[in-house]
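Printed here is upload.txt (compact mmCIF, C-alpha atoms):
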# COMPACT_ATOMS: atom_id res chain seq x y z
CA MET A 8 0.00 0.00 0.00
CA LYS A 9 1.25 3.50 -0.89
CA ILE A 10 0.72 6.61 1.23
CA VAL A 11 1.56 10.27 0.66
CA LEU A 12 2.13 12.04 3.98
CA ILE A 13 1.71 15.82 3.76
CA GLU A 14 3.48 17.81 6.49
CA PRO A 15 3.50 21.64 6.19
CA TYR A 16 5.61 22.05 9.36
CA PHE A 17 8.49 19.60 9.05
CA SER A 18 10.29 20.22 12.33
CA GLY A 19 10.43 19.01 15.93
CA SER A 20 7.87 16.41 16.95
CA HIS A 21 6.06 16.71 13.59
CA LYS A 22 9.23 15.76 11.74
CA SER A 23 10.05 12.93 14.14
CA TRP A 24 6.57 11.45 13.85
CA ALA A 25 6.58 11.60 10.05
CA THR A 26 10.06 10.17 9.51
CA GLU A 27 9.64 7.45 12.14
CA LEU A 28 6.25 6.45 10.75
CA LYS A 29 7.84 6.10 7.33
CA PHE A 30 10.68 3.99 8.79
CA PHE A 31 8.57 1.62 10.91
CA SER A 32 5.51 1.20 8.68
CA ARG A 33 5.05 -1.85 6.51
CA HIS A 34 3.52 0.49 3.91
CA LYS A 35 5.47 2.62 1.45
CA ILE A 36 5.26 6.26 2.54
CA GLU A 37 6.34 9.30 0.55
CA ILE A 38 6.63 12.56 2.52
CA ILE A 39 6.08 15.97 0.97
CA SER A 40 6.81 18.81 3.36
CA LEU A 41 7.81 22.39 4.01
CA PRO A 42 10.38 23.64 6.57
CA GLY A 43 9.08 24.04 10.14
CA LYS A 44 8.93 27.84 10.43
CA PHE A 45 6.42 30.67 9.85
CA TRP A 46 3.55 28.53 11.14
CA LYS A 47 0.84 31.07 10.28
CA TRP A 48 2.00 31.26 6.69
CA ARG A 49 2.20 27.48 6.53
CA MET A 50 -1.46 27.27 7.53
CA ARG A 51 -2.52 30.03 5.14
CA GLY A 52 -0.37 29.42 2.08
CA GLY A 53 1.42 26.12 2.49
CA ALA A 54 -1.33 24.16 0.74
CA ILE A 55 -0.59 25.92 -2.56
CA THR A 56 3.07 24.89 -2.62
CA LEU A 57 2.35 21.38 -1.33
CA ALA A 58 -0.40 20.91 -3.92
CA LYS A 59 2.08 21.83 -6.65
CA GLU A 60 4.60 19.32 -5.28
CA PHE A 61 1.93 16.62 -5.10
CA MET A 62 0.85 17.20 -8.70
CA GLU A 63 4.48 16.85 -9.85
CA LEU A 64 5.08 13.71 -7.75
CA ASN A 65 5.85 10.57 -9.74
CA TYR A 66 4.02 8.37 -7.25
CA ASP A 67 0.46 7.04 -7.21
CA PRO A 68 -0.76 6.70 -3.62
CA ASP A 69 -3.67 4.72 -2.22
CA LEU A 70 -4.12 7.13 0.71
CA LEU A 71 -3.47 10.78 1.49
CA LEU A 72 -2.41 11.42 5.09
CA ALA A 73 -2.20 15.08 6.12
CA THR A 74 -1.41 16.78 9.42
CA ASP A 75 -3.21 19.63 11.14
CA MET A 76 -1.28 22.60 9.73
CA LEU A 77 -2.51 21.87 6.21
CA ASP A 78 -5.42 23.80 4.74
CA LEU A 79 -6.87 20.60 3.33
CA THR A 80 -9.76 22.27 1.48
CA THR A 81 -7.34 24.39 -0.58
CA PHE A 82 -5.05 21.43 -1.17
CA LEU A 83 -7.87 19.22 -2.44
CA SER A 84 -9.31 21.93 -4.67
CA LEU A 85 -5.91 22.38 -6.36
CA THR A 86 -5.25 18.64 -6.77
CA ARG A 87 -8.73 17.33 -7.62
CA SER A 88 -7.60 15.75 -10.89
CA ARG A 89 -5.36 13.41 -8.84
CA SER A 90 -6.92 13.39 -5.37
CA SER A 91 -10.68 13.32 -5.97
CA LYS A 92 -10.97 9.53 -5.64
CA LEU A 93 -8.38 9.04 -2.90
CA PRO A 94 -9.34 8.50 0.75
CA VAL A 95 -7.98 11.29 2.94
CA ALA A 96 -7.02 11.02 6.63
CA MET A 97 -5.99 13.94 8.81
CA TYR A 98 -3.80 13.56 11.90
CA PHE A 99 -4.06 16.27 14.56
CA HIS A 100 -0.88 16.84 16.58
CA GLU A 101 -2.49 20.04 17.88
CA ASN A 102 -5.23 22.45 16.90
CA GLN A 103 -5.62 26.21 16.93
CA LEU A 104 -9.02 26.14 18.67
CA SER A 105 -7.73 24.76 21.99
CA TYR A 106 -4.29 26.40 21.92
CA PRO A 107 -3.82 28.93 24.77
CA LEU A 108 -2.73 32.47 23.98
CA PRO A 109 -0.30 34.57 26.02
CA LYS A 110 -1.90 37.38 28.01
CA ASN A 111 0.04 40.05 26.12
CA SER A 112 -0.57 38.50 22.70
CA LYS A 113 -1.24 40.96 19.88
CA ASP A 114 -3.62 38.36 18.46
CA LEU A 115 -5.52 38.39 21.73
CA GLN A 116 -5.66 42.18 21.76
CA LYS A 117 -7.39 42.14 18.38
CA LYS A 118 -9.61 39.24 19.51
CA TYR A 119 -7.41 36.71 17.72
CA GLU A 120 -7.43 35.83 14.06
CA ARG A 121 -10.13 33.20 13.87
CA HIS A 122 -8.99 31.97 10.50
CA TYR A 123 -6.55 29.36 11.85
CA GLY A 124 -9.21 27.62 13.92
CA PHE A 125 -11.53 27.71 10.93
CA ILE A 126 -8.86 26.04 8.79
CA ASN A 127 -8.74 23.19 11.33
CA ILE A 128 -12.53 22.78 11.28
CA SER A 129 -12.93 22.99 7.50
CA SER A 130 -10.01 20.60 6.97
CA ALA A 131 -11.47 18.06 9.42
CA LEU A 132 -14.81 18.40 7.65
CA ALA A 133 -13.19 17.77 4.25
CA ALA A 134 -11.23 14.70 5.42
CA ASP A 135 -12.70 11.21 5.29
CA HIS A 136 -11.05 10.22 8.57
CA VAL A 137 -9.92 12.42 11.46
CA LEU A 138 -7.29 11.17 13.92
CA PHE A 139 -6.34 12.72 17.27
CA ASN A 140 -3.26 11.90 19.35
CA SER A 141 -5.22 11.64 22.64
CA ASN A 142 -8.75 11.42 24.00
CA TYR A 143 -8.28 14.82 25.62
CA HIS A 144 -7.39 16.31 22.24
CA SER A 145 -10.44 14.81 20.54
CA GLU A 146 -12.79 16.02 23.28
CA SER A 147 -11.29 19.52 23.50
CA PHE A 148 -11.54 19.92 19.72
CA GLN A 149 -15.27 19.22 19.93
CA VAL A 150 -15.84 21.59 22.85
CA GLU A 151 -13.79 24.47 21.46
CA GLY A 152 -15.12 23.92 17.94
CA LEU A 153 -18.71 24.41 19.12
CA LYS A 154 -17.74 27.54 21.07
CA PHE A 155 -15.99 28.87 17.99
CA LEU A 156 -18.91 28.32 15.60
CA ARG A 157 -21.42 29.87 18.00
CA LYS A 158 -19.57 33.21 17.83
CA PHE A 159 -20.69 33.87 14.27
CA PRO A 160 -23.84 35.90 13.39
CA ASP A 161 -25.79 33.29 11.40
CA TYR A 162 -25.50 29.94 9.58
CA LYS A 163 -23.36 28.76 12.47
CA GLU A 164 -23.63 25.10 11.42
CA PRO A 165 -23.02 23.56 14.88
CA GLU A 166 -23.86 20.14 13.44
CA THR A 167 -20.50 20.38 11.68
CA MET A 168 -18.86 19.17 14.87
CA ASP A 169 -21.15 16.12 15.01
CA VAL A 170 -20.16 15.26 11.45
CA ILE A 171 -16.48 15.49 12.39
CA GLN A 172 -16.93 13.51 15.60
CA LYS A 173 -18.56 10.59 13.77
CA LYS A 174 -15.49 10.11 11.58
CA SER A 175 -12.95 10.75 14.35
CA GLU A 176 -10.91 8.36 16.45
CA VAL A 177 -7.88 8.42 18.72
CA LEU A 178 -4.54 7.17 17.44
CA TYR A 179 -1.91 7.79 20.09
CA LEU A 180 1.41 9.28 19.12
CA GLY A 181 4.00 6.76 18.03
CA MET A 182 7.48 7.37 19.49
CA ASP A 183 10.89 5.77 19.05
CA LEU A 184 11.40 5.23 22.78
CA SER A 185 13.70 2.25 22.34
CA LYS A 186 16.53 4.57 21.30
CA PHE A 187 16.76 5.71 24.95
CA ASP A 188 17.56 2.21 26.21
CA LYS A 189 21.30 2.16 25.56
CA TYR A 190 21.83 5.25 27.75
CA GLN A 191 20.09 3.76 30.79
CA ASN A 192 23.01 2.97 33.11
CA ILE A 193 23.52 6.47 34.45
CA LYS A 194 24.85 7.12 37.96
CA LYS A 195 22.65 9.45 40.03
CA ASN A 196 24.02 11.96 42.52
CA ASN A 197 22.14 14.96 43.95
CA PRO A 198 18.34 14.96 43.46
CA LEU A 199 17.91 16.24 39.91
CA ILE A 200 14.80 18.08 38.71
CA LEU A 201 14.11 18.10 34.97
CA TRP A 202 12.60 20.57 32.49
CA ASN A 203 12.56 19.05 28.97
CA HIS A 204 9.89 21.10 27.16
CA ARG A 205 9.97 24.02 24.74
CA TRP A 206 10.91 27.34 26.37
CA GLU A 207 7.61 29.01 25.54
CA TYR A 208 4.67 30.58 27.34
CA ASP A 209 2.27 27.66 26.75
CA LYS A 210 4.55 25.40 28.81
CA ASN A 211 3.86 27.79 31.73
CA PRO A 212 7.38 27.99 33.22
CA GLU A 213 6.52 30.61 35.90
CA PRO A 214 5.10 28.22 38.53
CA PHE A 215 7.80 25.67 37.75
CA PHE A 216 10.55 28.12 38.63
CA ARG A 217 8.66 29.75 41.52
CA ASN A 218 8.57 26.33 43.16
CA LEU A 219 12.29 25.91 42.60
CA PHE A 220 12.99 29.36 44.07
CA LYS A 221 10.96 28.34 47.14
CA LEU A 222 12.90 25.08 47.47
CA LYS A 223 16.13 27.05 47.48
CA ASP A 224 14.80 29.55 50.03
CA ASP A 225 13.72 26.65 52.25
CA GLY A 226 17.23 25.18 52.17
CA ILE A 227 16.31 22.07 50.14
CA ASP A 228 19.26 20.56 48.28
CA PHE A 229 18.61 19.89 44.57
CA LYS A 230 19.98 20.35 41.07
CA VAL A 231 18.04 21.19 37.90
CA ALA A 232 18.64 20.41 34.21
CA LEU A 233 16.90 22.79 31.79
CA LEU A 234 16.58 21.07 28.41
CA GLY A 235 14.33 21.74 25.44
CA GLU A 236 14.20 24.10 22.47
CA SER A 237 14.63 27.83 23.03
CA PHE A 238 13.47 30.33 20.42
CA ASN A 239 14.18 33.99 19.70
CA SER A 240 11.77 35.21 22.33
CA LYS A 241 11.60 33.05 25.43
CA PRO A 242 9.83 33.85 28.72
CA SER A 243 11.96 36.16 30.88
CA ILE A 244 11.68 33.76 33.83
CA PHE A 245 14.42 31.62 32.25
CA GLU A 246 16.97 34.44 32.56
CA GLU A 247 15.81 35.13 36.11
CA ALA A 248 16.25 31.44 36.94
CA LYS A 249 19.70 31.42 35.36
CA ASN A 250 20.78 34.03 37.90
CA ARG A 251 18.84 32.89 40.96
CA LEU A 252 19.61 29.18 40.52
CA LYS A 253 23.17 29.45 39.22
CA ASN A 254 24.41 27.01 41.87
CA GLN A 255 21.61 24.52 41.16
CA ILE A 256 21.61 24.51 37.33
CA VAL A 257 23.73 21.70 35.87
CA HIS A 258 22.58 22.15 32.27
CA TYR A 259 21.00 25.16 30.56
CA GLY A 260 19.83 24.93 26.94
CA PHE A 261 19.07 22.69 24.01
CA CYS A 262 21.05 19.46 23.56
CA ASP A 263 22.35 19.30 20.00
CA GLU A 264 23.03 15.57 20.26
CA PHE A 265 20.34 13.05 21.16
CA SER A 266 22.84 11.09 23.27
CA ALA A 267 23.36 14.11 25.55
CA TYR A 268 19.60 14.64 25.88
CA ALA A 269 18.99 10.95 26.66
CA LYS A 270 21.67 10.88 29.33
CA TRP A 271 20.18 13.89 31.12
CA VAL A 272 16.69 12.39 31.00
CA TRP A 273 17.93 9.12 32.50
CA MET A 274 19.92 11.03 35.11
CA ALA A 275 16.89 13.08 36.19
CA ASP A 276 14.87 12.10 39.25
CA ILE A 277 11.78 14.30 39.22
CA LEU A 278 9.66 15.87 36.46
CA PRO A 279 7.37 18.64 37.78
CA VAL A 280 5.10 19.68 34.88
CA THR A 281 3.17 22.98 34.87
CA SER A 282 2.17 23.26 31.19
CA ASN A 283 -1.01 24.92 29.97
CA GLN A 284 -0.82 23.15 26.63
CA ASP A 285 -0.11 19.52 25.77
CA PHE A 286 -2.29 17.58 23.38
CA PHE A 287 -0.30 14.40 24.01
CA GLY A 288 2.87 15.08 26.02
CA GLY A 289 5.77 13.53 24.15
CA SER A 290 8.53 14.94 26.35
CA VAL A 291 6.62 13.82 29.45
CA VAL A 292 6.28 10.29 28.10
CA GLU A 293 10.01 10.20 27.26
CA SER A 294 10.85 11.16 30.83
CA MET A 295 8.51 8.65 32.44
CA TYR A 296 9.79 5.92 30.11
CA CYS A 297 13.23 6.73 31.54
CA ASP A 298 11.96 6.28 35.12
CA THR A 299 11.70 9.99 36.01
CA TYR A 300 9.20 10.53 38.83
CA PRO A 301 6.32 12.62 37.39
CA LEU A 302 4.33 15.36 39.14
CA LEU A 303 1.59 16.28 36.68
CA PRO A 304 -1.31 18.76 36.82
CA ASP A 305 -4.89 17.54 36.85
CA ARG A 306 -5.63 18.92 33.37
CA LEU A 307 -5.03 18.43 29.66
CA THR A 308 -3.82 14.97 28.62
CA TYR A 309 -1.82 14.17 31.77
CA PRO A 310 -4.40 12.15 33.75
CA GLU A 311 -4.86 10.07 30.59
CA LEU A 312 -1.17 9.12 30.47
CA LEU A 313 -1.22 7.46 33.89
CA PRO A 314 -3.51 4.68 35.18
CA ASN A 315 -5.95 5.83 37.87
CA ALA A 316 -4.07 3.90 40.54
CA LEU A 317 -1.10 6.28 40.14
CA HIS A 318 -3.08 9.53 40.21
CA ALA A 319 -2.97 10.03 43.98
CA LYS A 320 0.85 10.16 44.00
CA HIS A 321 1.52 11.81 40.66
CA ILE A 322 -1.40 14.14 39.81
CA TYR A 323 -1.68 17.45 41.69
CA CYS A 324 -4.56 19.94 41.85
CA SER A 325 -2.80 23.13 43.05
CA TYR A 326 0.67 24.63 42.99
CA ASP A 327 0.83 24.37 46.78
CA GLU A 328 0.23 20.65 46.41
CA LEU A 329 2.90 20.52 43.71
CA TYR A 330 5.41 22.17 46.04
CA ASN A 331 4.63 19.81 48.91
CA ASN A 332 4.92 16.76 46.66
CA LEU A 333 8.12 18.07 45.07
CA LYS A 334 9.71 18.72 48.46
CA LYS A 335 8.64 15.31 49.71
CA SER A 336 10.03 13.54 46.65
CA ILE A 337 13.41 15.25 47.15
CA LEU A 338 13.61 14.53 50.88
CA ASN A 339 12.71 10.89 50.18
CA ILE A 340 14.88 10.58 47.10
CA GLU A 341 15.66 6.88 47.46
CA GLU A 342 11.96 6.06 47.46
CA THR A 343 11.40 8.48 44.56
CA ARG A 344 14.05 6.68 42.53
CA LYS A 345 12.08 3.44 42.71
CA PHE A 346 9.57 4.79 40.19
CA SER A 347 9.67 2.50 37.16
CA GLN A 348 6.64 2.16 34.91
CA LYS A 349 8.28 1.56 31.55
CA LYS A 350 5.70 -1.06 30.60
CA ILE A 351 2.94 1.58 30.71
CA PHE A 352 4.70 3.92 28.29
CA ASN A 353 6.11 1.18 26.10
CA GLN A 354 2.69 1.05 24.42
CA TYR A 355 3.68 4.21 22.52
CA ASN A 356 6.88 2.65 21.20
CA TRP A 357 6.67 2.38 17.42
CA LYS A 358 7.48 -1.32 17.52
CA ASN A 359 4.34 -1.86 19.62
CA ILE A 360 1.96 0.69 18.08
CA ILE A 361 2.85 0.53 14.39
CA LYS A 362 0.52 -2.39 13.66
CA SER A 363 -2.43 -0.29 14.87
CA TYR A 364 -1.36 2.48 12.48
CA ASP A 365 -0.85 0.19 9.50
CA ASP A 366 -4.05 -1.77 10.02
CA LEU A 367 -6.05 1.43 10.41
CA PHE A 368 -4.62 2.92 7.22
CA GLU A 369 -5.45 -0.28 5.34
CA SER A 370 -9.05 -0.11 6.59
CA PHE A 371 -9.35 3.41 5.16
CA VAL A 372 -8.49 2.09 1.72
CA SER A 373 -10.52 -1.09 1.80
Take the structure I supplied and represent it as structure tokens, if you would.
Amino acid sequence: MKIVLIEPYFSGSHKSWATELKFFSRHKIEIISLPGKFWKWRMRGGAITLAKEFMELNYDPDLLLATDMLDLTTFLSLTRSRSSKLPVAMYFHENQLSYPLPKNSKDLQKKYERHYGFINISSALAADHVLFNSNYHSESFQVEGLKFLRKFPDYKEPETMDVIQKKSEVLYLGMDLSKFDKYQNIKKNNPLILWNHRWEYDKNPEPFFRNLFKLKDDGIDFKVALLGESFNSKPSIFEEAKNRLKNQIVHYGFCDEFSAYAKWVWMADILPVTSNQDFFGGSVVESMYCDTYPLLPDRLTYPELLPNALHAKHIYCSYDELYNNLKKSILNIEETRKFSQKKIFNQYNWKNIIKSYDDLFESFVS
């Protein structure tokens, strides 16, 4: 079976997912993509360039598989001579309806450009099959989609969301977790706290660092490794932390080599998460796969990642509770280091999940 995978934002987790899917799948997958930058322009104009590339492609697919930053309606209108009889599936890594905005956002000040959310809705409506990377993502898309449509003056078409829901299902993110295994035998020293997310506002770093400042003020001994991508404009709290925690920080910045990243993740003891946005939580899953003790908020996808039996220890409801649990996990570090739930997160390993992907794609064609 032949698949064309269309990725307008070929970077980061989008790029990893696409290239790993191509590698592990039993199907033949051809990727057409654009560089992962200028996300607004990718959503507005990327479909034109990708449609041109598709029309010039010497490859006859059985299935079109697109991701959420594609304006699928524009793409299909420009490729109808080749795509009109092909089944089309759309995979949502994220969506612009549920994505939180910073308080000082210019988009927020002008009541946000609704067009990006509308592209997500119209693309899902045009697709034959809609796939979400978590149950939380699927449910939030429905809720926010209805809110979005109800803002318009007439012909609001709320039934659109019912149409989308009927052809939607959850297909969890596939990840190449096995590549972490060879870096496992890492010696642990001082209690090490980990940040391994993007350095952006939606990851909500303020309460993360405020808790670390409080630990320091309370005389608690710890170290912290700050990993993850940093962009041109990062929250100012990172610079503040660099100064206030200079004796606690053992790594500050992006790891250019995967081996360095993997070693830090295995070395880490505790992962306090404060994010306001995560439709799946790839970096969180990586950490928990590597036995890092998670402290996760009772929101977004996080309760879904852990079985209910682990919620009492690992899901918090307030930042005061987070601090108390974080302090306790440091003071009882030997007990904390016993956390090992690899079998839970191994379900996302490509070698275990790829059959679900391949079988599902085959069902779309048959």
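Look at everything within 10 Å of (5.7, 15.0, 42.8) using only C-alpha atoms, and the residues you get are Ile277, Leu278, Pro279, Val280, Tyr300, Pro301, Leu302, Leu303, Pro304, Lys320, His321, Ile322, Tyr323, Glu328, Leu329, Tyr330, Asn331, Asn332, Leu333, Lys334, Lys335, Ser336, Ile337 and Thr343 of chain A.
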I'd like to know which of A:Thr308, A:Ser282, A:Leu338, A:Leu132 is closest to Gly226 of chain A, using all atoms listed in the file. A:Leu338
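Restricting the calculation to all atoms listed in the file, the smallest distance between Leu79 of chain A and any of A:Arg51, A:Lys92, A:Lys210, A:Lys241 is found for A:Arg51.
Atom CA of Phe261 of chain A is positioned 15.8 Å from atom CA of Glu293 of chain A.
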Find the residues around Asn254 of chain A up to 12 Å (only C-alpha atoms counted), leave out those fewer than 6 positions away in its own chain, and share them as a PyMOL selection string. chain A and resi 220+223+228-232+248
Between atom CA of Asp69 of chain A and atom CA of Arg89 of chain A - distance in Å to one decimal: 11.1 Å
Residues within 12 Å of Leu83 of chain A, please, as an MDAnalysis selection string. Count all atoms listed in the file; anything in the same chain fewer than 2 positions from it doesn't count. chainID A and resid 13 54:55 57:59 61:62 71 73 77:81 85:95 129:130 133:134
Reconstructed segment 203-238 of chain A, atom set N, CA and C atoms, as a PDB file, in the frame of the given file:
ATOM      1  N   ASN A 203      12.170  19.493  30.317  1.00  0.00           N
ATOM      2  CA  ASN A 203      12.560  19.050  28.970  1.00  0.00           C
ATOM      3  C   ASN A 203      11.493  19.415  27.930  1.00  0.00           C
ATOM      4  N   HIS A 204      10.913  20.614  28.077  1.00  0.00           N
ATOM      5  CA  HIS A 204       9.890  21.100  27.160  1.00  0.00           C
ATOM      6  C   HIS A 204      10.416  22.320  26.402  1.00  0.00           C
ATOM      7  N   ARG A 205       9.635  22.771  25.421  1.00  0.00           N
ATOM      8  CA  ARG A 205       9.970  24.020  24.740  1.00  0.00           C
ATOM      9  C   ARG A 205       9.985  25.177  25.754  1.00  0.00           C
ATOM     10  N   TRP A 206      10.819  26.171  25.500  1.00  0.00           N
ATOM     11  CA  TRP A 206      10.910  27.340  26.370  1.00  0.00           C
ATOM     12  C   TRP A 206       9.928  28.395  25.868  1.00  0.00           C
ATOM     13  N   GLU A 207       8.641  28.118  26.033  1.00  0.00           N
ATOM     14  CA  GLU A 207       7.610  29.010  25.540  1.00  0.00           C
ATOM     15  C   GLU A 207       6.498  29.168  26.577  1.00  0.00           C
ATOM     16  N   TYR A 208       5.687  30.193  26.361  1.00  0.00           N
ATOM     17  CA  TYR A 208       4.670  30.580  27.340  1.00  0.00           C
ATOM     18  C   TYR A 208       3.661  29.466  27.609  1.00  0.00           C
ATOM     19  N   ASP A 209       3.310  28.679  26.574  1.00  0.00           N
ATOM     20  CA  ASP A 209       2.270  27.660  26.750  1.00  0.00           C
ATOM     21  C   ASP A 209       2.722  26.521  27.655  1.00  0.00           C
ATOM     22  N   LYS A 210       4.034  26.404  27.872  1.00  0.00           N
ATOM     23  CA  LYS A 210       4.550  25.400  28.810  1.00  0.00           C
ATOM     24  C   LYS A 210       4.569  25.943  30.245  1.00  0.00           C
ATOM     25  N   ASN A 211       4.145  27.219  30.405  1.00  0.00           N
ATOM     26  CA  ASN A 211       3.860  27.790  31.730  1.00  0.00           C
ATOM     27  C   ASN A 211       5.032  27.644  32.708  1.00  0.00           C
ATOM     28  N   PRO A 212       6.197  28.198  32.365  1.00  0.00           N
ATOM     29  CA  PRO A 212       7.380  27.990  33.220  1.00  0.00           C
ATOM     30  C   PRO A 212       7.348  28.745  34.552  1.00  0.00           C
ATOM     31  N   GLU A 213       6.535  29.799  34.667  1.00  0.00           N
ATOM     32  CA  GLU A 213       6.520  30.610  35.900  1.00  0.00           C
ATOM     33  C   GLU A 213       6.339  29.770  37.165  1.00  0.00           C
ATOM     34  N   PRO A 214       5.252  28.992  37.294  1.00  0.00           N
ATOM     35  CA  PRO A 214       5.100  28.220  38.530  1.00  0.00           C
ATOM     36  C   PRO A 214       6.161  27.153  38.724  1.00  0.00           C
ATOM     37  N   PHE A 215       6.702  26.626  37.638  1.00  0.00           N
ATOM     38  CA  PHE A 215       7.800  25.670  37.750  1.00  0.00           C
ATOM     39  C   PHE A 215       8.974  26.309  38.481  1.00  0.00           C
ATOM     40  N   PHE A 216       9.386  27.476  38.020  1.00  0.00           N
ATOM     41  CA  PHE A 216      10.550  28.120  38.630  1.00  0.00           C
ATOM     42  C   PHE A 216      10.234  28.717  39.995  1.00  0.00           C
ATOM     43  N   ARG A 217       9.009  29.211  40.201  1.00  0.00           N
ATOM     44  CA  ARG A 217       8.660  29.750  41.520  1.00  0.00           C
ATOM     45  C   ARG A 217       8.774  28.653  42.588  1.00  0.00           C
ATOM     46  N   ASN A 218       8.419  27.452  42.221  1.00  0.00           N
ATOM     47  CA  ASN A 218       8.570  26.330  43.160  1.00  0.00           C
ATOM     48  C   ASN A 218      10.035  26.027  43.433  1.00  0.00           C
ATOM     49  N   LEU A 219      10.859  26.141  42.403  1.00  0.00           N
ATOM     50  CA  LEU A 219      12.290  25.910  42.600  1.00  0.00           C
ATOM     51  C   LEU A 219      12.914  27.014  43.449  1.00  0.00           C
ATOM     52  N   PHE A 220      12.491  28.251  43.239  1.00  0.00           N
ATOM     53  CA  PHE A 220      12.990  29.360  44.070  1.00  0.00           C
ATOM     54  C   PHE A 220      12.637  29.097  45.543  1.00  0.00           C
ATOM     55  N   LYS A 221      11.419  28.609  45.770  1.00  0.00           N
ATOM     56  CA  LYS A 221      10.960  28.340  47.140  1.00  0.00           C
ATOM     57  C   LYS A 221      11.767  27.197  47.767  1.00  0.00           C
ATOM     58  N   LEU A 222      12.061  26.168  46.963  1.00  0.00           N
ATOM     59  CA  LEU A 222      12.900  25.080  47.470  1.00  0.00           C
ATOM     60  C   LEU A 222      14.248  25.608  47.932  1.00  0.00           C
ATOM     61  N   LYS A 223      14.832  26.477  47.125  1.00  0.00           N
ATOM     62  CA  LYS A 223      16.130  27.050  47.480  1.00  0.00           C
ATOM     63  C   LYS A 223      16.018  27.871  48.762  1.00  0.00           C
ATOM     64  N   ASP A 224      14.981  28.704  48.839  1.00  0.00           N
ATOM     65  CA  ASP A 224      14.800  29.550  50.030  1.00  0.00           C
ATOM     66  C   ASP A 224      14.583  28.706  51.289  1.00  0.00           C
ATOM     67  N   ASP A 225      13.983  27.531  51.115  1.00  0.00           N
ATOM     68  CA  ASP A 225      13.720  26.650  52.250  1.00  0.00           C
ATOM     69  C   ASP A 225      14.918  25.744  52.581  1.00  0.00           C
ATOM     70  N   GLY A 226      16.009  25.934  51.867  1.00  0.00           N
ATOM     71  CA  GLY A 226      17.230  25.180  52.170  1.00  0.00           C
ATOM     72  C   GLY A 226      17.209  23.746  51.683  1.00  0.00           C
ATOM     73  N   ILE A 227      16.375  23.426  50.682  1.00  0.00           N
ATOM     74  CA  ILE A 227      16.310  22.070  50.140  1.00  0.00           C
ATOM     75  C   ILE A 227      17.408  21.891  49.092  1.00  0.00           C
ATOM     76  N   ASP A 228      18.151  20.831  49.201  1.00  0.00           N
ATOM     77  CA  ASP A 228      19.260  20.560  48.280  1.00  0.00           C
ATOM     78  C   ASP A 228      18.746  19.887  47.017  1.00  0.00           C
ATOM     79  N   PHE A 229      19.029  20.485  45.850  1.00  0.00           N
ATOM     80  CA  PHE A 229      18.610  19.890  44.570  1.00  0.00           C
ATOM     81  C   PHE A 229      19.449  20.489  43.450  1.00  0.00           C
ATOM     82  N   LYS A 230      19.406  19.833  42.305  1.00  0.00           N
ATOM     83  CA  LYS A 230      19.980  20.350  41.070  1.00  0.00           C
ATOM     84  C   LYS A 230      18.852  20.364  40.022  1.00  0.00           C
ATOM     85  N   VAL A 231      19.056  21.130  38.953  1.00  0.00           N
ATOM     86  CA  VAL A 231      18.040  21.190  37.900  1.00  0.00           C
ATOM     87  C   VAL A 231      18.721  21.219  36.534  1.00  0.00           C
ATOM     88  N   ALA A 232      18.183  20.430  35.594  1.00  0.00           N
ATOM     89  CA  ALA A 232      18.640  20.410  34.210  1.00  0.00           C
ATOM     90  C   ALA A 232      17.536  21.019  33.347  1.00  0.00           C
ATOM     91  N   LEU A 233      17.876  22.082  32.623  1.00  0.00           N
ATOM     92  CA  LEU A 233      16.900  22.790  31.790  1.00  0.00           C
ATOM     93  C   LEU A 233      17.195  22.462  30.326  1.00  0.00           C
ATOM     94  N   LEU A 234      16.425  21.515  29.787  1.00  0.00           N
ATOM     95  CA  LEU A 234      16.580  21.070  28.410  1.00  0.00           C
ATOM     96  C   LEU A 234      15.445  21.650  27.562  1.00  0.00           C
ATOM     97  N   GLY A 235      15.418  21.310  26.305  1.00  0.00           N
ATOM     98  CA  GLY A 235      14.330  21.740  25.440  1.00  0.00           C
ATOM     99  C   GLY A 235      14.730  22.874  24.523  1.00  0.00           C
ATOM    100  N   GLU A 236      13.910  23.082  23.474  1.00  0.00           N
ATOM    101  CA  GLU A 236      14.200  24.100  22.470  1.00  0.00           C
ATOM    102  C   GLU A 236      13.913  25.509  23.001  1.00  0.00           C
ATOM    103  N   SER A 237      14.810  26.422  22.681  1.00  0.00           N
ATOM    104  CA  SER A 237      14.630  27.830  23.030  1.00  0.00           C
ATOM    105  C   SER A 237      14.605  28.642  21.748  1.00  0.00           C
ATOM    106  N   PHE A 238      13.643  29.551  21.641  1.00  0.00           N
ATOM    107  CA  PHE A 238      13.470  30.330  20.420  1.00  0.00           C
ATOM    108  C   PHE A 238      13.891  31.780  20.655  1.00  0.00           C
TER     109      PHE A 238
END
